[in-house]
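Enquirer: Here it is: the structure, laid out below.
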Amino acid sequence: MMKTRLTEKAACLRRIMDNCHKIVTVTHTHPDGDAIGSSIGTACWCESLGKEVTCIFPDPVPDTISFIFRPERQAKCLTFSKQRAQAEKALEECDLIIALDFSEFSRTEEMAPILKASPKRKVQIDHHLNPAAEDFDLSVSEINISSASELSYQLLKILVGEGYGSFSMEACEAFMTGMTTDTNNFANSTLPSTLEMASELLEAGVNRDKIIDNLYWHYAEGRLRALGLLLKDKMTITPEGAAYMVLRDAEVKHFNLGDGDTEGFVNIPLAIEKVRMSIFLKEADGHFRVSIRSKKGTSASIFANKYFHGGGHENASGGKLHFPGDIPSPDEAEAFLAKVTEEYLSE
Ligand code: 5GP
Ligand code: MN
């Protein structure tokens, strides 16, 4: 089923590509491995067709993922929050915008009004629930797939099979990296197509050992010290089966944690048998960033949508908790979590 759908979408993408030369890729704020991997992999494929491509990230790529960038790639990437004028120029001059790994423009925050108002052609490649397909000339959206990186790979592979473009080693490594982070190294959302992709990329020569080393063995010491503190002293487990941990700004500073340094913390409490849903809050400017993971049978996306202005996937979602606004001050976060998890999980 999905293969037939993708074949039709690929034909449509080919027609769009034939009439474009300058392309911009965009992805969601706080870009993760999948957002970055799908952007770079897709950009490489466009370049193999002789197109000129700029990858725009709404805000900076975390240091933990920056290994993905080859030196020559860095020069073709822009960070909207730091290079706004250049990014706006690239969006004005392009003839096609490819949106990767997000369902609706609001996920790009500051970029959203510009993207929405842009008269350029727009293509979406995404794997989240509820895609805003009406905002795009072509929306390629599948939810039964590991990642946007896998979706880009499977879609573009059809055209590569027709001799339309090719995958460089840079593309293959980017797709492998994005799929690996979104599946939490093959722990979640791993389908036959995912393993097929991994197998093909290994055949193509991707050095997976190097990717694993870069992704999981290069953290600063502070990450593990902070995790130790959270698990020992700051993890609450409720009678309804929720686990939550709140990381405050002072702790972020104390442990010198960068953007990617808390990646994956939210998964850990799910190891406890009675925990059905895990919530991790990290304090930022005027809000907490919220990460939610759940086991099958409990919806993280409904919870994210109901209490945290967010969404995502059935078992992996995110959002925000504002102060003041949602709660009077950051000190109230734990009480708020106690209340909403009880309400939600007793339903
Ligand atoms: P993470 O917890 O890894 O930051 O995010 C998990 C999932 O939730 C990702 O698929 C991400 O796209 C989605 N997500 C994270 N933050 C938000 C948000 O603020 N709004 C929405 N709609 N989705 C989010
Ligand atoms: Mn993703």
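Ordering of the structure tokens sets the chain letters (A, B, ...), residue numbers begin anew at 1 in every chain, and ligands are numbered from 1 in the order given.
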Neighbours of ligand 1 at 8 Å or closer, counting only C-alpha atoms and all ligand atoms: which residues, as an MDAnalysis selection string?
Expert: chainID A and resid 28 30 32 101:103 107 128 263:264 266 289:293 301 304:305 308:313 316:320
Enquirer: Considering only helix (DSSP H, G or I) as DSSP defines it on the backbone, what residues of segment 59-262 of chain A qualify? List them as a PyMOL selection string.
Expert: chain A and resi 63-68+71-74+84-93+105-117+133-135+148-161+169-182+192-203+208-216+221-233+249-254+259-262
Enquirer: With a cut-off of 10 Å, could you pull out the residues of chain A touching ligand 2 and give me the nearest pair of atoms for each, distance in Å to one decimal, using only C-alpha atoms and all ligand atoms, ordered by chain and ascending number, as a tab-separated table?
Expert:
```
residue	atom	partner	partner_atom_place_in_ligand_line	distance
A:Thr27	CA	ligand 2	1 (Mn)	9.8
A:His28	CA	ligand 2	1 (Mn)	9.5
A:Pro31	CA	ligand 2	1 (Mn)	9.3
A:Asp32	CA	ligand 2	1 (Mn)	7.7
A:Gly33	CA	ligand 2	1 (Mn)	7.9
A:Asp34	CA	ligand 2	1 (Mn)	4.8
A:Ala35	CA	ligand 2	1 (Mn)	6.0
A:Ile36	CA	ligand 2	1 (Mn)	9.3
A:Gly37	CA	ligand 2	1 (Mn)	9.4
A:Ser38	CA	ligand 2	1 (Mn)	8.5
A:Leu100	CA	ligand 2	1 (Mn)	8.5
A:Asp101	CA	ligand 2	1 (Mn)	5.1
A:Phe102	CA	ligand 2	1 (Mn)	7.6
A:Asp126	CA	ligand 2	1 (Mn)	7.5
A:His127	CA	ligand 2	1 (Mn)	6.7
A:His128	CA	ligand 2	1 (Mn)	7.5
A:Ile145	CA	ligand 2	1 (Mn)	9.8
A:Ser146	CA	ligand 2	1 (Mn)	7.8
A:Ser147	CA	ligand 2	1 (Mn)	4.8
A:Ala148	CA	ligand 2	1 (Mn)	5.1
A:Ser149	CA	ligand 2	1 (Mn)	7.4
A:Glu150	CA	ligand 2	1 (Mn)	9.3
A:Leu151	CA	ligand 2	1 (Mn)	9.7
A:Gly178	CA	ligand 2	1 (Mn)	7.6
A:Met179	CA	ligand 2	1 (Mn)	8.1
A:Thr181	CA	ligand 2	1 (Mn)	8.6
A:Asp182	CA	ligand 2	1 (Mn)	5.8
A:Thr183	CA	ligand 2	1 (Mn)	9.0
A:Gly312	CA	ligand 2	1 (Mn)	8.9
A:His313	CA	ligand 2	1 (Mn)	9.1
A:Ala316	CA	ligand 2	1 (Mn)	9.9
```
Enquirer: Kindly export the residues of the current selection with N, CA and C atoms, as a compact mmCIF listing (two decimals), in the first residue's frame.
Expert:
```txt
# COMPACT_ATOMS: atom_id res chain seq x y z
N THR A 27 12.99 22.59 8.34
CA THR A 27 12.56 21.58 9.29
C THR A 27 12.10 22.26 10.58
N HIS A 28 11.78 21.47 11.62
CA HIS A 28 11.19 22.05 12.83
C HIS A 28 12.24 22.67 13.77
N PRO A 31 15.97 21.24 16.04
CA PRO A 31 16.11 20.11 15.13
C PRO A 31 16.84 18.94 15.80
N ASP A 32 16.30 17.74 15.59
CA ASP A 32 16.92 16.53 16.13
C ASP A 32 17.59 15.76 14.98
N GLY A 33 18.09 14.59 15.29
CA GLY A 33 18.82 13.81 14.28
C GLY A 33 17.99 13.56 13.03
N ASP A 34 16.71 13.29 13.21
CA ASP A 34 15.85 12.99 12.06
C ASP A 34 15.60 14.22 11.21
N ALA A 35 15.35 15.35 11.87
CA ALA A 35 15.11 16.61 11.15
C ALA A 35 16.34 16.96 10.32
N ILE A 36 17.51 16.81 10.92
CA ILE A 36 18.75 17.19 10.26
C ILE A 36 19.12 16.14 9.20
N GLY A 37 19.00 14.87 9.56
CA GLY A 37 19.35 13.79 8.62
C GLY A 37 18.48 13.83 7.37
N SER A 38 17.16 14.03 7.57
CA SER A 38 16.28 14.05 6.39
C SER A 38 16.55 15.30 5.54
N LEU A 100 10.59 19.20 5.86
CA LEU A 100 10.88 17.86 6.34
C LEU A 100 10.64 17.70 7.83
N ASP A 101 10.02 16.59 8.19
CA ASP A 101 9.87 16.17 9.59
C ASP A 101 8.98 17.09 10.43
N PHE A 102 8.01 17.75 9.81
CA PHE A 102 7.01 18.45 10.63
C PHE A 102 5.67 18.47 9.91
N ASP A 126 6.83 14.01 5.66
CA ASP A 126 6.66 13.97 7.12
C ASP A 126 6.04 12.67 7.61
N HIS A 127 6.25 12.38 8.89
CA HIS A 127 5.71 11.14 9.46
C HIS A 127 4.92 11.38 10.75
N HIS A 128 4.46 12.62 10.98
CA HIS A 128 3.67 12.91 12.18
C HIS A 128 2.18 12.77 11.91
N ILE A 145 5.90 4.52 9.60
CA ILE A 145 7.28 4.52 9.11
C ILE A 145 8.15 5.04 10.24
N SER A 146 9.41 4.66 10.25
CA SER A 146 10.24 4.98 11.41
C SER A 146 10.51 6.47 11.59
N SER A 147 10.66 7.18 10.47
CA SER A 147 11.26 8.51 10.56
C SER A 147 11.07 9.26 9.25
N ALA A 148 11.28 10.56 9.30
CA ALA A 148 11.26 11.35 8.06
C ALA A 148 12.46 10.96 7.21
N SER A 149 13.55 10.56 7.85
CA SER A 149 14.73 10.14 7.08
C SER A 149 14.40 8.89 6.27
N GLU A 150 13.70 7.94 6.89
CA GLU A 150 13.34 6.74 6.12
C GLU A 150 12.35 7.09 5.01
N LEU A 151 11.39 7.97 5.31
CA LEU A 151 10.40 8.33 4.30
C LEU A 151 11.06 9.01 3.10
N GLY A 178 19.54 9.83 10.88
CA GLY A 178 18.19 10.28 11.25
C GLY A 178 17.30 9.13 11.65
N MET A 179 17.38 8.03 10.89
CA MET A 179 16.57 6.85 11.22
C MET A 179 17.02 6.27 12.57
N THR A 181 18.41 7.83 15.18
CA THR A 181 17.99 8.61 16.35
C THR A 181 16.48 8.52 16.56
N ASP A 182 15.68 8.55 15.46
CA ASP A 182 14.22 8.52 15.66
C ASP A 182 13.73 7.16 16.14
N THR A 183 14.45 6.08 15.82
CA THR A 183 14.04 4.77 16.34
C THR A 183 14.71 4.49 17.67
N GLY A 312 2.65 15.22 18.11
CA GLY A 312 3.77 14.40 17.65
C GLY A 312 3.28 13.06 17.17
N HIS A 313 3.77 12.00 17.79
CA HIS A 313 3.38 10.63 17.43
C HIS A 313 2.59 10.01 18.58
N ALA A 316 5.30 9.09 21.17
CA ALA A 316 6.43 10.03 21.37
C ALA A 316 5.98 11.41 20.95
```
Enquirer: Nearest residue to Arg73 of chain A out of A:Glu109, A:Glu47, A:Glu92, A:Glu251, using only C-alpha atoms?
Expert: A:Glu47
Enquirer: Between atom CA of Lys22 of chain A and atom CA of Leu201 of chain A, what distance in Å does the model show, to one decimal?
Expert: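 A separation of 27.6 Å between them.
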Enquirer: Could you name the residues that touch Ala132 of chain A at 9 Å or less, counting only C-alpha atoms, but leaving out those on the same chain fewer than 5 positions away, as a ChimeraX atom specification?
Expert: /A:103-105,139
Enquirer: Those residues you just picked out, can you put them in a file as a PDB file, in the first residue's frame with N, CA, C and O atoms?
Expert:
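Okay, this is what ended up in again.pdb:
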```pdb
ATOM      1  N   SER A 103       4.600  18.488  10.713  1.00  0.00           N
ATOM      2  CA  SER A 103       3.259  18.338  10.137  1.00  0.00           C
ATOM      3  C   SER A 103       2.646  19.662   9.729  1.00  0.00           C
ATOM      4  O   SER A 103       1.856  19.726   8.809  1.00  0.00           O
ATOM      5  N   GLU A 104       3.003  20.736  10.430  1.00  0.00           N
ATOM      6  CA  GLU A 104       2.418  22.037  10.083  1.00  0.00           C
ATOM      7  C   GLU A 104       3.426  23.152  10.360  1.00  0.00           C
ATOM      8  O   GLU A 104       4.308  23.013  11.212  1.00  0.00           O
ATOM      9  N   PHE A 105       3.266  24.277   9.650  1.00  0.00           N
ATOM     10  CA  PHE A 105       4.275  25.340   9.704  1.00  0.00           C
ATOM     11  C   PHE A 105       4.507  25.888  11.112  1.00  0.00           C
ATOM     12  O   PHE A 105       5.586  26.384  11.416  1.00  0.00           O
ATOM     13  N   SER A 139       2.060  16.714  -0.571  1.00  0.00           N
ATOM     14  CA  SER A 139       2.301  16.284   0.805  1.00  0.00           C
ATOM     15  C   SER A 139       2.545  14.785   0.810  1.00  0.00           C
ATOM     16  O   SER A 139       1.666  14.003   0.438  1.00  0.00           O
TER      17      SER A 139
END
```
Enquirer: Would you list the contacts of segment 227-244 of chain A as a short mmCIF file (atom, residue, chain, number, x, y, z; two decimals) with all heavy atoms, in the first residue's frame, taking every protein, DNA or RNA residue within 9 Å and counting only C-alpha atoms, but skipping same-chain residues closer than 2 positions in sequence?
Expert:
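For reference, out.cif as written:
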```cif
data_model
loop_
_atom_site.label_atom_id
_atom_site.label_comp_id
_atom_site.auth_asym_id
_atom_site.auth_seq_id
_atom_site.Cartn_x
_atom_site.Cartn_y
_atom_site.Cartn_z
N GLY A 222 28.72 15.88 32.02
CA GLY A 222 27.55 16.49 32.68
C GLY A 222 26.25 15.78 32.37
O GLY A 222 25.33 15.74 33.19
N ARG A 223 26.14 15.22 31.16
CA ARG A 223 24.90 14.51 30.80
C ARG A 223 24.63 13.37 31.78
O ARG A 223 23.53 13.24 32.30
CB ARG A 223 25.02 13.95 29.37
CG ARG A 223 23.89 12.98 29.02
CD ARG A 223 24.04 12.48 27.60
NE ARG A 223 23.29 11.26 27.34
CZ ARG A 223 22.07 11.20 26.84
NH1 ARG A 223 21.41 12.31 26.59
NH2 ARG A 223 21.50 10.04 26.61
N LEU A 224 25.63 12.57 32.03
CA LEU A 224 25.40 11.41 32.92
C LEU A 224 25.24 11.83 34.37
O LEU A 224 24.47 11.24 35.12
CB LEU A 224 26.49 10.35 32.74
CG LEU A 224 25.97 9.23 31.84
CD1 LEU A 224 25.85 9.71 30.40
CD2 LEU A 224 26.79 7.98 31.94
N ARG A 225 25.98 12.88 34.77
CA ARG A 225 25.83 13.39 36.15
C ARG A 225 24.40 13.92 36.36
O ARG A 225 23.79 13.68 37.40
CB ARG A 225 26.84 14.50 36.43
CG ARG A 225 28.29 14.08 36.26
CD ARG A 225 28.81 13.34 37.46
NE ARG A 225 30.18 12.88 37.24
CZ ARG A 225 30.70 11.80 37.81
NH1 ARG A 225 30.00 11.07 38.64
NH2 ARG A 225 31.95 11.45 37.56
N VAL A 246 11.72 16.87 36.31
CA VAL A 246 11.78 18.28 35.93
C VAL A 246 13.21 18.77 36.10
O VAL A 246 13.77 18.70 37.19
CB VAL A 246 10.81 19.12 36.79
CG1 VAL A 246 10.90 20.60 36.41
CG2 VAL A 246 9.37 18.62 36.64
N LEU A 247 13.79 19.24 35.04
CA LEU A 247 15.16 19.77 35.09
C LEU A 247 15.09 21.29 35.05
O LEU A 247 14.58 21.87 34.08
CB LEU A 247 15.98 19.23 33.91
CG LEU A 247 17.48 19.47 33.95
CD1 LEU A 247 18.13 18.72 35.12
CD2 LEU A 247 18.13 19.04 32.64
N THR A 262 20.29 16.32 26.79
CA THR A 262 19.27 15.61 27.57
C THR A 262 18.43 14.68 26.68
O THR A 262 17.46 14.09 27.14
CB THR A 262 18.33 16.61 28.29
OG1 THR A 262 17.84 17.53 27.32
CG2 THR A 262 19.06 17.37 29.38
N PHE A 265 16.57 11.18 27.74
CA PHE A 265 16.29 11.03 29.19
C PHE A 265 14.86 10.53 29.41
O PHE A 265 14.60 9.71 30.29
CB PHE A 265 16.45 12.37 29.93
CG PHE A 265 17.86 12.77 30.23
CD1 PHE A 265 18.94 12.10 29.65
CD2 PHE A 265 18.14 13.83 31.10
CE1 PHE A 265 20.26 12.47 29.93
CE2 PHE A 265 19.45 14.21 31.38
CZ PHE A 265 20.50 13.53 30.80
N VAL A 266 13.94 11.06 28.60
CA VAL A 266 12.51 10.76 28.79
C VAL A 266 12.20 9.27 28.60
O VAL A 266 11.23 8.75 29.15
CB VAL A 266 11.66 11.65 27.84
CG1 VAL A 266 11.91 11.30 26.37
CG2 VAL A 266 10.18 11.55 28.16
N ILE A 268 13.95 6.70 29.66
CA ILE A 268 14.49 5.79 30.67
C ILE A 268 13.45 5.29 31.69
O ILE A 268 13.39 4.10 31.96
CB ILE A 268 15.74 6.44 31.32
CG1 ILE A 268 16.82 6.54 30.22
CG2 ILE A 268 16.25 5.63 32.50
CD1 ILE A 268 18.01 7.38 30.57
N PRO A 269 12.58 6.17 32.22
CA PRO A 269 11.60 5.67 33.21
C PRO A 269 10.64 4.62 32.66
O PRO A 269 10.03 3.87 33.44
CB PRO A 269 10.85 6.94 33.63
CG PRO A 269 11.84 8.04 33.39
CD PRO A 269 12.54 7.64 32.12
N LEU A 270 10.50 4.52 31.33
CA LEU A 270 9.62 3.49 30.77
C LEU A 270 10.14 2.08 31.07
O LEU A 270 9.41 1.10 30.93
CB LEU A 270 9.49 3.65 29.24
CG LEU A 270 8.69 4.84 28.71
CD1 LEU A 270 8.66 4.79 27.19
CD2 LEU A 270 7.27 4.88 29.25
N GLU A 273 8.28 -1.31 35.15
CA GLU A 273 7.10 -2.05 34.66
C GLU A 273 5.81 -1.25 34.78
O GLU A 273 5.02 -1.17 33.85
CB GLU A 273 6.97 -3.37 35.41
CG GLU A 273 5.86 -4.24 34.83
CD GLU A 273 5.76 -5.60 35.49
OE1 GLU A 273 6.34 -5.79 36.57
OE2 GLU A 273 5.08 -6.47 34.91
N LYS A 274 5.60 -0.60 35.95
CA LYS A 274 4.29 0.05 36.15
C LYS A 274 4.18 1.41 35.44
O LYS A 274 3.09 2.00 35.43
CB LYS A 274 4.00 0.19 37.64
CG LYS A 274 4.93 1.13 38.36
CD LYS A 274 4.56 1.17 39.84
CE LYS A 274 5.62 1.91 40.62
NZ LYS A 274 5.73 1.52 42.00
N VAL A 275 5.26 1.89 34.88
CA VAL A 275 5.19 3.20 34.21
C VAL A 275 4.61 3.04 32.81
O VAL A 275 5.13 2.29 31.99
CB VAL A 275 6.58 3.87 34.16
CG1 VAL A 275 6.54 5.13 33.29
CG2 VAL A 275 7.05 4.21 35.57
N ARG A 276 3.50 3.78 32.56
CA ARG A 276 2.84 3.74 31.25
C ARG A 276 3.21 4.95 30.41
O ARG A 276 3.12 4.96 29.19
CB ARG A 276 1.31 3.77 31.43
CG ARG A 276 0.78 2.53 32.14
CD ARG A 276 -0.51 2.84 32.89
NE ARG A 276 -1.59 3.27 32.03
CZ ARG A 276 -2.73 3.81 32.45
NH1 ARG A 276 -2.94 3.98 33.76
NH2 ARG A 276 -3.66 4.18 31.62
N MET A 277 3.59 6.03 31.11
CA MET A 277 3.90 7.27 30.39
C MET A 277 4.98 8.03 31.14
O MET A 277 4.94 8.11 32.37
CB MET A 277 2.63 8.12 30.29
CG MET A 277 2.80 9.37 29.46
SD MET A 277 1.22 10.14 29.04
CE MET A 277 0.75 10.81 30.62
N SER A 278 5.95 8.54 30.41
CA SER A 278 7.05 9.28 31.03
C SER A 278 7.07 10.70 30.49
O SER A 278 6.88 10.92 29.29
CB SER A 278 8.37 8.56 30.71
OG SER A 278 9.46 9.40 31.00
N ILE A 279 7.29 11.66 31.39
CA ILE A 279 7.28 13.07 31.00
C ILE A 279 8.57 13.70 31.51
O ILE A 279 8.95 13.52 32.68
CB ILE A 279 6.07 13.81 31.61
CG1 ILE A 279 4.77 13.10 31.19
CG2 ILE A 279 6.00 15.26 31.17
CD1 ILE A 279 3.91 12.71 32.33
N PHE A 280 9.22 14.44 30.64
CA PHE A 280 10.45 15.13 31.03
C PHE A 280 10.30 16.60 30.70
O PHE A 280 9.95 16.97 29.58
CB PHE A 280 11.64 14.53 30.27
CG PHE A 280 12.93 15.26 30.51
CD1 PHE A 280 13.49 15.33 31.77
CD2 PHE A 280 13.58 15.89 29.45
CE1 PHE A 280 14.68 16.02 32.00
CE2 PHE A 280 14.77 16.58 29.67
CZ PHE A 280 15.32 16.64 30.94
N LEU A 281 10.55 17.45 31.69
CA LEU A 281 10.47 18.90 31.50
C LEU A 281 11.85 19.52 31.65
O LEU A 281 12.57 19.21 32.60
CB LEU A 281 9.55 19.54 32.55
CG LEU A 281 8.09 19.75 32.19
CD1 LEU A 281 7.43 18.44 31.83
CD2 LEU A 281 7.34 20.43 33.32
N GLU A 334 5.83 20.68 39.14
CA GLU A 334 5.58 19.33 39.66
C GLU A 334 4.12 19.15 40.08
O GLU A 334 3.52 18.11 39.80
CB GLU A 334 6.50 19.00 40.83
CG GLU A 334 7.72 18.20 40.39
CD GLU A 334 9.01 18.98 40.52
OE1 GLU A 334 8.93 20.18 40.87
OE2 GLU A 334 10.08 18.40 40.25
N LEU A 337 2.05 18.69 37.05
CA LEU A 337 2.21 17.34 36.48
C LEU A 337 1.45 16.31 37.29
O LEU A 337 0.84 15.39 36.73
CB LEU A 337 3.70 16.97 36.41
CG LEU A 337 4.48 17.70 35.31
CD1 LEU A 337 5.98 17.51 35.51
CD2 LEU A 337 4.06 17.20 33.93
N ALA A 338 1.48 16.46 38.63
CA ALA A 338 0.76 15.51 39.48
C ALA A 338 -0.73 15.54 39.13
O ALA A 338 -1.37 14.50 38.97
CB ALA A 338 0.97 15.87 40.96
N THR A 341 -1.44 14.32 35.20
CA THR A 341 -1.22 12.88 34.95
C THR A 341 -2.30 12.06 35.65
O THR A 341 -2.78 11.08 35.11
CB THR A 341 0.19 12.40 35.39
OG1 THR A 341 0.39 12.75 36.76
CG2 THR A 341 1.28 13.00 34.53
N GLU A 342 -2.70 12.50 36.86
CA GLU A 342 -3.76 11.77 37.56
C GLU A 342 -5.05 11.84 36.75
O GLU A 342 -5.71 10.82 36.49
CB GLU A 342 -3.98 12.33 38.97
CG GLU A 342 -4.97 11.47 39.72
CD GLU A 342 -5.46 12.08 41.04
OE1 GLU A 342 -4.92 13.11 41.48
OE2 GLU A 342 -6.41 11.52 41.60
N LEU A 345 -4.59 9.78 33.29
CA LEU A 345 -4.42 8.32 33.35
C LEU A 345 -5.57 7.63 34.11
O LEU A 345 -5.70 6.42 34.05
CB LEU A 345 -3.07 7.95 33.95
CG LEU A 345 -1.87 8.32 33.07
CD1 LEU A 345 -0.56 7.97 33.77
CD2 LEU A 345 -1.91 7.63 31.70
N SER A 346 -6.39 8.41 34.83
CA SER A 346 -7.55 7.77 35.48
C SER A 346 -8.77 7.79 34.57
O SER A 346 -9.81 7.25 34.94
CB SER A 346 -7.93 8.47 36.79
OG SER A 346 -6.90 9.11 37.37
#
```
Enquirer: Show me, as a PDB file with C-alpha atoms, in the first residue's frame, the residues that have an atom within 10 Å of Ile211 of chain A when counting only C-alpha atoms, minus same-chain residues fewer than 3 positions from it.
Expert:
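Dumped everything to out.pdb:
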```
ATOM      1  CA  PHE A  67      29.237  15.527  13.277  1.00  0.00           C
ATOM      2  CA  ILE A  68      26.765  14.979  10.433  1.00  0.00           C
ATOM      3  CA  GLU A 173      25.025   8.566   6.226  1.00  0.00           C
ATOM      4  CA  ALA A 174      22.502  11.349   6.880  1.00  0.00           C
ATOM      5  CA  MET A 176      21.069   6.322   8.496  1.00  0.00           C
ATOM      6  CA  THR A 177      21.733   8.855  11.286  1.00  0.00           C
ATOM      7  CA  THR A 180      18.844   5.698  14.049  1.00  0.00           C
ATOM      8  CA  VAL A 206      27.739   3.372   5.384  1.00  0.00           C
ATOM      9  CA  ASN A 207      30.007   3.088   8.405  1.00  0.00           C
ATOM     10  CA  ARG A 208      27.398   2.502  11.109  1.00  0.00           C
ATOM     11  CA  ASN A 214      29.348   9.838  17.245  1.00  0.00           C
ATOM     12  CA  LEU A 215      25.762   9.595  18.479  1.00  0.00           C
ATOM     13  CA  TYR A 216      26.169   7.713  21.738  1.00  0.00           C
ATOM     14  CA  TRP A 217      29.787   7.815  22.895  1.00  0.00           C
TER      15      TRP A 217
END
```
Enquirer: Just give me the gap between atom CA of Leu115 of chain A and atom CA of Phe323 of chain A in Å, one decimal is fine.
Expert: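 Interatomic distance, atom CA of Leu115 of chain A to atom CA of Phe323 of chain A: 28.0 Å.
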Enquirer: Taking the DSSP secondary structure from the backbone, can you list the residues of segment 127-306 of chain A that are strand (DSSP E), as a PyMOL selection string?
Expert: chain A and resi 138-141+235-237+242-247+277-283+287-294
Enquirer: What does the structure give for the distance between atom CA of Gly161 of chain A and atom CA of Ile97 of chain A, in Å to one decimal?
Expert: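 Going from atom CA of Gly161 of chain A over to atom CA of Ile97 of chain A covers 23.5 Å.
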Enquirer: Identify which of the residues A:Ser199, A:Asn315, A:Phe336, A:Gly163 lies closest to Ile143 of chain A, counting only C-alpha atoms when measuring atom-to-atom distances.
Expert: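 Between A:Ser199, A:Asn315, A:Phe336, A:Gly163, the residue approaching Ile143 of chain A most closely is A:Asn315.
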